[in-house]
Structure formats: structure tokens, C-alpha cells
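Heads up, upload_16.cif below (mmCIF, C-alpha atoms and all ligand atoms):
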```cif
data_work
loop_
_atom_site.label_atom_id
_atom_site.label_comp_id
_atom_site.auth_asym_id
_atom_site.auth_seq_id
_atom_site.Cartn_x
_atom_site.Cartn_y
_atom_site.Cartn_z
CA MET W 11 45.57 271.01 222.74
CA THR W 12 42.36 272.71 221.56
CA ASP W 13 39.60 274.85 222.95
CA ALA W 14 37.26 273.68 220.20
CA PRO W 15 34.09 272.38 221.86
CA LEU W 16 33.41 268.68 222.13
CA LEU W 17 30.63 267.80 219.68
CA ILE W 18 28.90 264.46 219.30
CA ALA W 19 27.40 264.15 215.81
CA PRO W 20 25.22 261.10 215.12
CA SER W 21 25.29 260.16 211.44
CA LEU W 22 21.75 260.01 210.08
CA LEU W 23 23.02 257.51 207.50
CA SER W 24 22.18 254.84 210.08
CA CYS W 25 18.72 256.19 210.96
CA ASP W 26 15.33 254.93 209.82
CA PHE W 27 14.87 257.13 206.73
CA ALA W 28 11.16 256.37 206.59
CA ARG W 29 10.79 258.22 209.92
CA ILE W 30 13.47 260.84 209.53
CA ALA W 31 11.79 263.69 211.45
CA ASP W 32 11.24 261.35 214.41
CA GLU W 33 14.87 260.22 214.23
CA VAL W 34 16.07 263.83 214.25
CA ALA W 35 13.96 264.52 217.35
CA ARG W 36 15.13 261.30 218.99
CA THR W 37 18.84 262.13 218.55
CA GLU W 38 18.32 265.66 219.86
CA ALA W 39 16.48 264.34 222.94
CA ALA W 40 19.37 261.91 223.42
CA GLY W 41 21.90 264.75 223.55
CA ALA W 42 23.31 265.11 220.02
CA ASP W 43 25.17 268.36 219.32
CA TRP W 44 25.09 268.20 215.51
CA HIS W 45 23.30 266.09 212.91
CA HIS W 46 25.84 264.56 210.53
CA VAL W 47 24.27 264.25 207.08
CA ASP W 48 26.01 262.07 204.48
CA VAL W 49 25.49 263.06 200.85
CA MET W 50 26.76 260.56 198.26
CA ASP W 51 26.58 260.87 194.49
CA GLY W 52 27.30 257.32 193.28
CA HIS W 53 30.41 258.70 191.57
CA PHE W 54 32.87 259.99 194.17
CA VAL W 55 31.75 257.04 196.30
CA PRO W 56 29.99 253.83 195.23
CA ASN W 57 26.72 254.66 196.99
CA LEU W 58 23.82 257.08 196.66
CA THR W 59 21.97 258.79 199.48
CA ILE W 60 20.10 262.06 199.65
CA GLY W 61 20.04 265.49 198.04
CA PRO W 62 18.98 269.03 198.96
CA PRO W 63 15.20 268.40 199.22
CA VAL W 64 15.69 265.78 201.93
CA VAL W 65 18.36 267.89 203.68
CA SER W 66 15.83 270.72 203.71
CA LYS W 67 13.27 268.46 205.42
CA ILE W 68 15.87 267.40 207.99
CA HIS W 69 16.61 271.08 208.62
CA ALA W 70 12.92 271.80 209.14
CA ALA W 71 12.73 269.03 211.74
CA ALA W 72 15.98 269.98 213.53
CA THR W 73 16.89 272.49 216.21
CA LYS W 74 20.59 271.47 216.16
CA PRO W 75 23.01 272.38 213.34
CA LEU W 76 23.32 270.23 210.22
CA ASP W 77 26.86 269.01 209.51
CA VAL W 78 26.63 268.13 205.82
CA HIS W 79 29.37 265.85 204.45
CA LEU W 80 29.45 266.04 200.66
CA MET W 81 30.92 262.87 199.16
CA ILE W 82 30.33 264.21 195.67
CA THR W 83 32.53 264.95 192.66
CA ASP W 84 31.31 268.48 191.96
CA PRO W 85 30.64 270.24 195.28
CA ALA W 86 30.76 273.82 193.90
CA LYS W 87 27.89 273.04 191.52
CA TYR W 88 25.64 272.10 194.43
CA ALA W 89 26.76 274.76 196.95
CA GLU W 90 23.69 276.93 196.51
CA PRO W 91 21.03 274.21 196.96
CA PHE W 92 22.77 272.77 200.02
CA ALA W 93 23.23 276.25 201.52
CA LYS W 94 19.52 276.97 200.93
CA ALA W 95 18.62 273.58 202.40
CA GLY W 96 20.12 274.72 205.70
CA ALA W 97 23.64 273.26 205.92
CA HIS W 98 25.44 274.82 208.91
CA VAL W 99 28.71 273.06 208.13
CA LEU W 100 29.26 272.15 204.47
CA THR W 101 32.25 269.88 203.84
CA PHE W 102 33.83 268.93 200.51
CA HIS W 103 36.52 266.34 199.83
CA ILE W 104 40.03 267.49 198.95
CA GLU W 105 40.35 264.53 196.52
CA VAL W 106 37.96 266.24 194.08
CA CYS W 107 40.33 269.23 193.76
CA ARG W 108 43.12 269.43 191.18
CA ASP W 109 45.15 271.84 193.30
CA GLU W 110 45.11 274.35 196.14
CA ALA W 111 43.52 277.03 193.96
CA GLU W 112 40.54 274.83 193.21
CA ALA W 113 40.10 273.94 196.88
CA ARG W 114 40.16 277.64 197.79
CA ALA W 115 37.65 278.38 195.04
CA ILE W 116 35.23 275.74 196.36
CA ALA W 117 35.52 277.09 199.92
CA ALA W 118 34.91 280.62 198.60
CA THR W 119 31.86 279.48 196.63
CA PHE W 120 30.38 277.88 199.74
CA ARG W 121 30.85 281.13 201.67
CA GLU W 122 29.38 283.24 198.87
CA HIS W 123 26.20 281.20 199.23
CA GLY W 124 26.10 281.96 202.95
CA VAL W 125 27.29 278.67 204.44
CA PRO W 126 28.26 279.51 208.05
CA GLN W 127 31.12 276.99 208.31
CA VAL W 128 33.16 275.38 205.55
CA GLY W 129 34.87 272.02 205.98
CA VAL W 130 37.36 269.98 204.01
CA ALA W 131 37.55 266.18 204.27
CA LEU W 132 40.32 263.75 203.46
CA ASN W 133 40.19 260.04 202.81
CA PRO W 134 42.31 257.56 204.81
CA ASP W 135 44.89 257.30 202.00
CA THR W 136 45.17 261.05 201.38
CA PRO W 137 48.17 262.70 203.08
CA VAL W 138 47.37 265.50 205.50
CA ASP W 139 49.80 267.71 203.55
CA ARG W 140 47.04 268.11 200.93
CA VAL W 141 44.97 270.22 203.31
CA LEU W 142 47.69 272.09 205.22
CA PRO W 143 47.94 274.91 202.61
CA ILE W 144 44.23 275.75 202.93
CA LEU W 145 43.74 275.58 206.70
CA ASP W 146 43.23 279.35 206.81
CA ALA W 147 40.23 278.93 204.48
CA VAL W 148 38.28 276.30 206.43
CA ASP W 149 36.47 276.03 209.77
CA LEU W 150 36.66 272.25 209.96
CA VAL W 151 38.91 269.42 208.79
CA LEU W 152 37.22 266.03 208.55
CA VAL W 153 39.72 263.20 208.92
CA MET W 154 38.01 260.08 207.55
CA SER W 155 38.74 256.95 209.55
CA VAL W 156 37.11 254.65 206.97
CA PHE W 157 36.89 254.85 203.20
CA PRO W 158 33.68 256.79 202.62
CA GLY W 159 30.56 255.22 201.18
CA PHE W 160 29.06 253.01 203.85
CA GLY W 161 28.34 252.93 207.57
CA GLY W 162 29.42 250.11 209.84
CA GLN W 163 33.05 249.77 208.70
CA SER W 164 36.09 249.25 210.94
CA PHE W 165 38.14 252.19 212.23
CA ILE W 166 41.57 252.71 210.62
CA PRO W 167 43.86 253.80 213.48
CA ASP W 168 46.71 255.05 211.25
CA VAL W 169 44.73 258.22 210.49
CA LEU W 170 45.08 259.44 214.09
CA ASP W 171 48.53 260.78 213.16
CA LYS W 172 46.84 263.25 210.80
CA VAL W 173 44.78 264.65 213.67
CA ARG W 174 47.91 265.05 215.81
CA ARG W 175 49.66 266.77 212.90
CA LEU W 176 46.82 269.25 212.38
CA ARG W 177 46.94 270.24 216.04
CA ALA W 178 50.77 270.34 215.97
CA GLU W 179 50.53 272.73 213.01
CA GLY W 180 48.47 275.03 215.23
CA TYR W 181 45.03 274.38 213.74
CA THR W 182 42.56 275.33 216.49
CA ARG W 183 39.24 275.11 214.64
CA HIS W 184 37.14 271.92 214.37
CA VAL W 185 38.86 268.62 213.68
CA GLU W 186 36.26 265.96 213.02
CA MET W 187 36.57 262.20 212.70
CA ASP W 188 34.07 259.97 210.91
CA GLY W 189 33.92 256.23 210.40
CA GLY W 190 34.06 253.31 212.80
CA LEU W 191 33.77 255.39 215.97
CA ASN W 192 32.54 253.43 218.98
CA ALA W 193 33.23 253.08 222.71
CA GLU W 194 36.77 251.83 222.02
CA THR W 195 37.84 254.11 219.18
CA LEU W 196 36.08 257.39 220.01
CA PRO W 197 38.34 258.17 223.02
CA LEU W 198 41.41 257.63 220.80
CA CYS W 199 40.07 260.32 218.44
CA ALA W 200 39.50 262.78 221.28
CA GLU W 201 42.92 262.05 222.78
CA ALA W 202 44.57 262.75 219.42
CA GLY W 203 42.86 266.15 219.28
CA ALA W 204 39.60 265.64 217.40
CA ASN W 205 36.67 267.61 218.90
CA ALA W 206 33.82 266.70 216.52
CA LEU W 207 33.03 263.02 216.67
CA VAL W 208 30.68 261.34 214.19
CA ALA W 209 29.11 257.95 214.87
CA GLY W 210 26.38 256.23 212.90
CA SER W 211 25.96 252.55 213.66
CA ALA W 212 27.32 252.86 217.22
CA ILE W 213 24.64 255.42 218.11
CA PHE W 214 21.64 254.27 216.06
CA GLY W 215 22.41 250.62 216.84
CA ALA W 216 22.62 251.25 220.58
CA PRO W 217 19.86 249.88 222.80
CA ASP W 218 19.70 253.23 224.63
CA MET W 219 20.84 256.17 222.52
CA LYS W 220 20.82 258.68 225.38
CA THR W 221 23.05 256.52 227.58
CA THR W 222 25.41 255.82 224.69
CA ILE W 223 25.82 259.50 223.79
CA ALA W 224 26.39 260.34 227.47
CA GLU W 225 29.02 257.60 227.72
CA PHE W 226 30.72 258.77 224.53
CA ARG W 227 30.78 262.35 225.82
CA ALA W 228 32.17 261.31 229.20
CA ALA W 229 34.86 259.12 227.60
CA ALA W 230 35.85 261.89 225.18
CA ARG W 231 36.08 264.41 228.02
CA ARG W 232 38.32 262.09 229.97
CA ALA W 233 40.47 261.59 226.89
CA ARG W 234 40.69 265.38 226.46
CA GLY W 235 41.75 265.70 230.08
CA GLU W 236 38.56 267.47 231.10
CA ALA W 237 36.49 266.78 234.17
CA SER W 238 33.93 264.17 233.22
CA ARG W 239 30.30 264.98 233.82
CA VAL W 240 27.37 263.29 232.25
CA GLY W 241 24.95 265.42 230.28
C1 LIG K 301 30.80 256.98 205.70
C2 LIG K 301 30.05 258.16 206.26
C3 LIG K 301 29.93 258.13 207.73
C4 LIG K 301 29.16 256.95 208.26
C5 LIG K 301 29.73 256.54 209.56
O1 LIG K 301 30.94 257.14 204.35
O2 LIG K 301 30.72 259.36 205.90
O3 LIG K 301 29.41 259.33 208.25
O4 LIG K 301 27.80 257.20 208.39
O5 LIG K 301 29.11 255.38 209.98
P1 LIG K 301 29.71 254.47 211.14
O6 LIG K 301 29.80 255.32 212.37
O7 LIG K 301 28.74 253.37 211.23
O8 LIG K 301 31.09 254.03 210.68
ZN ZN K 302 30.15 261.25 206.99
#
```
Take the structure in the file and give it back as C-alpha cells.
Amino acid sequence: MTDAPLLIAPSLLSCDFARIADEVARTEAAGADWHHVDVMDGHFVPNLTIGPPVVSKIHAAATKPLDVHLMITDPAKYAEPFAKAGAHVLTFHIEVCRDEAEARAIAATFREHGVPQVGVALNPDTPVDRVLPILDAVDLVLVMSVFPGFGGQSFIPDVLDKVRRLRAEGYTRHVEMDGGLNAETLPLCAEAGANALVAGSAIFGAPDMKTTIAEFRAAARRARGEASRVG
């Protein structure tokens, strides 16, 4: 299916923003592989979150890579500040692009500013065909399993077909899922072929974050057909 590594990425959208450095340390101690960072502009989505200065502070507090999800209308304009802020993965939404050429131009702009990995995201009602022409230009495809804007929404299972299609098309890089992942839905994502699994409320709302991440990892490994070991 895929050799892409299994990655558990807690979404800091659900953390205590008043204590963000502590929350970064807490998720790392609990076994997070990436920090998922949700950037919203109040235009592409009906919510506002954080910008490059806060991402830079998260980066300073982190030892794990920052997976920065740009839910913004003009990602190319902000490529440089997010690259400088320390984004390891920088993901834009395909819905902001008029055509394939524009999507390729955004990916190229991200790389010119030194972003190590470029991602493209698609909303639940966007056909996967929109991203197939640019798979050679991206390191990650983020298949949204809720409409972006808010944490704590319910998983939309129909989008799993997009993950299967990406793998069937031979895409071997990262396929990420984001929105409504929990103990029930996360194994479905891994079984379909997703390797990078984002969860906000299910991880930050858990009574014991370390146990929850270990359980998610074990369940995803089982779903991927790997030997399950905790850790
Ligand atoms: C939604 C964000 C997600 C969100 C997921 O717009 O992109 O990353 O934080 O939150 P949960 O896991 O609570 O659905
Ligand atoms: Zn996200």
C-alpha cells in the first residue's frame, strides 16, 4: 500500500493557547510525530487563528516538525513568512487555485522560500481529480474529512475513497487526513492508505494524552497490517 511512515499529528488548534510552549512539550512527551498547526484567515474559512509570529514561537518551543495547514485565500503571498517561521510541511488548499498552473506556481513559490515539504489540501466536496495532475509537485496530499474552520466536527466517511484513489494512482508520498479523527475513525483512515493522521479534540480532550496517542498508533498499525507495538 505505502511505505510512508505512520505519523500522529496532534492539532494545536485544540490546545491551551495561553500555554502554547507547555502544550508543545506535552504533546512531544506524549509521543507526537508532528505538530499540526492550523492557520485560518477569516476569508477562506469563517474563522481566524494564528499567523507567522505565533508559528515562529511554536517552532522555537518544538523539537518535532511543524505541519502547517494554510486555510487562507492567498498562500503564495505568505510563503516567505511561514517558511521563515519554521514550517516543515506547508500545505495550501487546491480550492484557492484557478487551475493547475496556479497550483504548480504556489508549490514552486513555497520551495523557492526553502520549505522542505509542500502539501496540497482538498475539502470534502472537492473531487480528488483536482489534485491528480499536480501529484508530482507535492510531498503531501491532505484529504479533509470535515469542512475546515473548526475543531470537534464529525468525520465524513465518503472522503476515504479519495485516499484509496490516491494510492491506486501510485502516489507513495504522505497522504494525510484531518478532521473528526478518533478511536473509531482513525483506523479507517489508516486502512484506506493515509499515513499522516491529524487529531485535535480527540488528543487534547483525552484524559491521558500519552495513552491515547499510543492507542491511536497501535490501532493505525493494525489497520495498516503492521505488527502492533506500543511506543
Ligand atoms: C479543521 C482543522 C483541523 C482541526 C481538527 O479546520 O484543519 O486540523 O483542528 O480538529 P478535530 O480533530 O477536533 O476534528
Ligand atoms: Zn488542519
Open item on the list: as a ChimeraX atom specification, please: the residues near range 46-51 of chain W (cut-off 7 Å, all atoms listed in the file, same-chain neighbours under 6 positions excluded).
Closed with: /W:19-23,57-61,76-82,208
For the interface of chain W with ligand LIG 301 (chain K) (cut-off 7 Å, counting only C-alpha atoms and all ligand atoms), please tabulate each contacting residue of chain W alongside its nearest pair of atoms and their separation in Å to one decimal, rows sorted by chain and increasing number, as a tab-separated table.
```
residue	atom	partner	partner_atom	distance
W:Ser21	CA	K:LIG301	O4	4.9
W:Leu22	CA	K:LIG301	O4	6.9
W:Leu23	CA	K:LIG301	O4	4.9
W:Ser24	CA	K:LIG301	O4	6.3
W:His46	CA	K:LIG301	O3	6.7
W:Asp48	CA	K:LIG301	O2	5.6
W:His79	CA	K:LIG301	O2	6.8
W:Val156	CA	K:LIG301	C1	6.8
W:Phe157	CA	K:LIG301	O1	6.5
W:Pro158	CA	K:LIG301	O1	3.3
W:Gly159	CA	K:LIG301	O1	3.7
W:Phe160	CA	K:LIG301	O1	4.6
W:Gly161	CA	K:LIG301	O5	3.5
W:Gly162	CA	K:LIG301	O7	3.6
W:Gln163	CA	K:LIG301	O8	5.1
W:Ser164	CA	K:LIG301	O8	6.9
W:Asp188	CA	K:LIG301	O3	5.4
W:Gly189	CA	K:LIG301	O8	3.6
W:Gly190	CA	K:LIG301	O8	3.7
W:Leu191	CA	K:LIG301	O6	5.4
W:Val208	CA	K:LIG301	O6	6.4
W:Ala209	CA	K:LIG301	O6	3.7
W:Gly210	CA	K:LIG301	O6	3.6
W:Ser211	CA	K:LIG301	O7	3.8
W:Ala212	CA	K:LIG301	O6	6.0
```
Task: All residues 8 Å or closer to Pro197 in chain W, all atoms listed in the file, same chain fewer than 6 positions away omitted, as a PyMOL selection string - done: chain W and resi 226+229-230+232-233
Open item on the list: One decimal, in Å: what's the spacing between CA of Ala224 in chain W and CA of Ala40 in chain W?
Closed with: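 Interatomic distance here is 8.3 Å.
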Open item on the list: For a test of reading the model, state the distance in Å between CA of Thr136 in chain W and CA of Val173 in chain W, rounded to one decimal.
Closed with: 12.8 Å
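The coordinates place CA of Ala71 in chain W at 27.1 Å from CA of Met154 in chain W.
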Task: Non-local contacts of range 110-123 of chain W (12 Å; all atoms listed in the file; under 5 positions in same chain excluded) as a PyMOL selection string - done: chain W and resi 80+83-105+128-131+139-150
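Take the candidates W:Ala42, W:Ile213, W:Cys25, W:Ala14 and check each one against Arg177 in chain W using all atoms listed in the file; the shortest distance goes to W:Ala14.
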Task: Using all atoms listed in the file: which of W:Val125, W:Ala35, W:Ala200, W:Leu207 has the shortest distance to ligand ZN 302 (chain K) - done: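 Result for the nearest residue to ligand ZN 302 (chain K): W:Leu207.
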Task: Given all atoms listed in the file as the counted atoms, nearest of W:Asp218, W:Glu236, W:Glu186, W:Asp168 to ligand ZN 302 (chain K) - done: W:Glu186
- [ ] Kindly extract all protein, DNA and RNA residues lying within 12 Å of the coordinates (11.5, 267.2, 216.7) given in the file, considering all atoms listed in the file, and supply them as a PyMOL selection string.
- [x] chain W and resi 29-40+67-74
Create the file for the chosen residues now, containing C-alpha atoms and written as a CSV table (one decimal), in the coordinates of the input.
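Contents of the output file result03.csv:
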```
chain,number,residue,atom,x,y,z
W,29,ARG,CA,10.8,258.2,209.9
W,30,ILE,CA,13.5,260.8,209.5
W,31,ALA,CA,11.8,263.7,211.4
W,32,ASP,CA,11.2,261.4,214.4
W,33,GLU,CA,14.9,260.2,214.2
W,34,VAL,CA,16.1,263.8,214.2
W,35,ALA,CA,14.0,264.5,217.4
W,36,ARG,CA,15.1,261.3,219.0
W,37,THR,CA,18.8,262.1,218.6
W,38,GLU,CA,18.3,265.7,219.9
W,39,ALA,CA,16.5,264.3,222.9
W,40,ALA,CA,19.4,261.9,223.4
W,67,LYS,CA,13.3,268.5,205.4
W,68,ILE,CA,15.9,267.4,208.0
W,69,HIS,CA,16.6,271.1,208.6
W,70,ALA,CA,12.9,271.8,209.1
W,71,ALA,CA,12.7,269.0,211.7
W,72,ALA,CA,16.0,270.0,213.5
W,73,THR,CA,16.9,272.5,216.2
W,74,LYS,CA,20.6,271.5,216.2
```
Edge lengths and centre, in Å to one decimal, as AutoDock Vina command-line options: that's what I need for the box along x, y and z that holds all listed atoms of range 222-232 of chain W plus 3 Å on each side.
```
--center_x 31.9 --center_y 260.1 --center_z 226.9 --size_x 18.9 --size_y 14.6 --size_z 12.2
```
Open item on the list: Using only C-alpha atoms and all ligand atoms for the distances, tell me which of W:Met187, W:Leu17, W:Val151, W:Ala178 is nearest to ligand ZN 302 (chain K).
Closed with: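 Using only C-alpha atoms and all ligand atoms, the shortest distance to ligand ZN 302 (chain K) belongs to W:Met187.
Checking W:Glu225, W:Ser155, W:Gly215, W:Pro137 one by one against ligand ZN 302 (chain K), counting only C-alpha atoms and all ligand atoms, you find the shortest gap at W:Ser155.
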TODO: Select, from W:Ala216, W:Leu170, W:Leu176, W:Val153, the residue with the minimum atom-to-atom distance to ligand ZN 302 (chain K), counting all atoms listed in the file.
DONE: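 The shortest atom-to-atom distance to ligand ZN 302 (chain K) comes from W:Val153.
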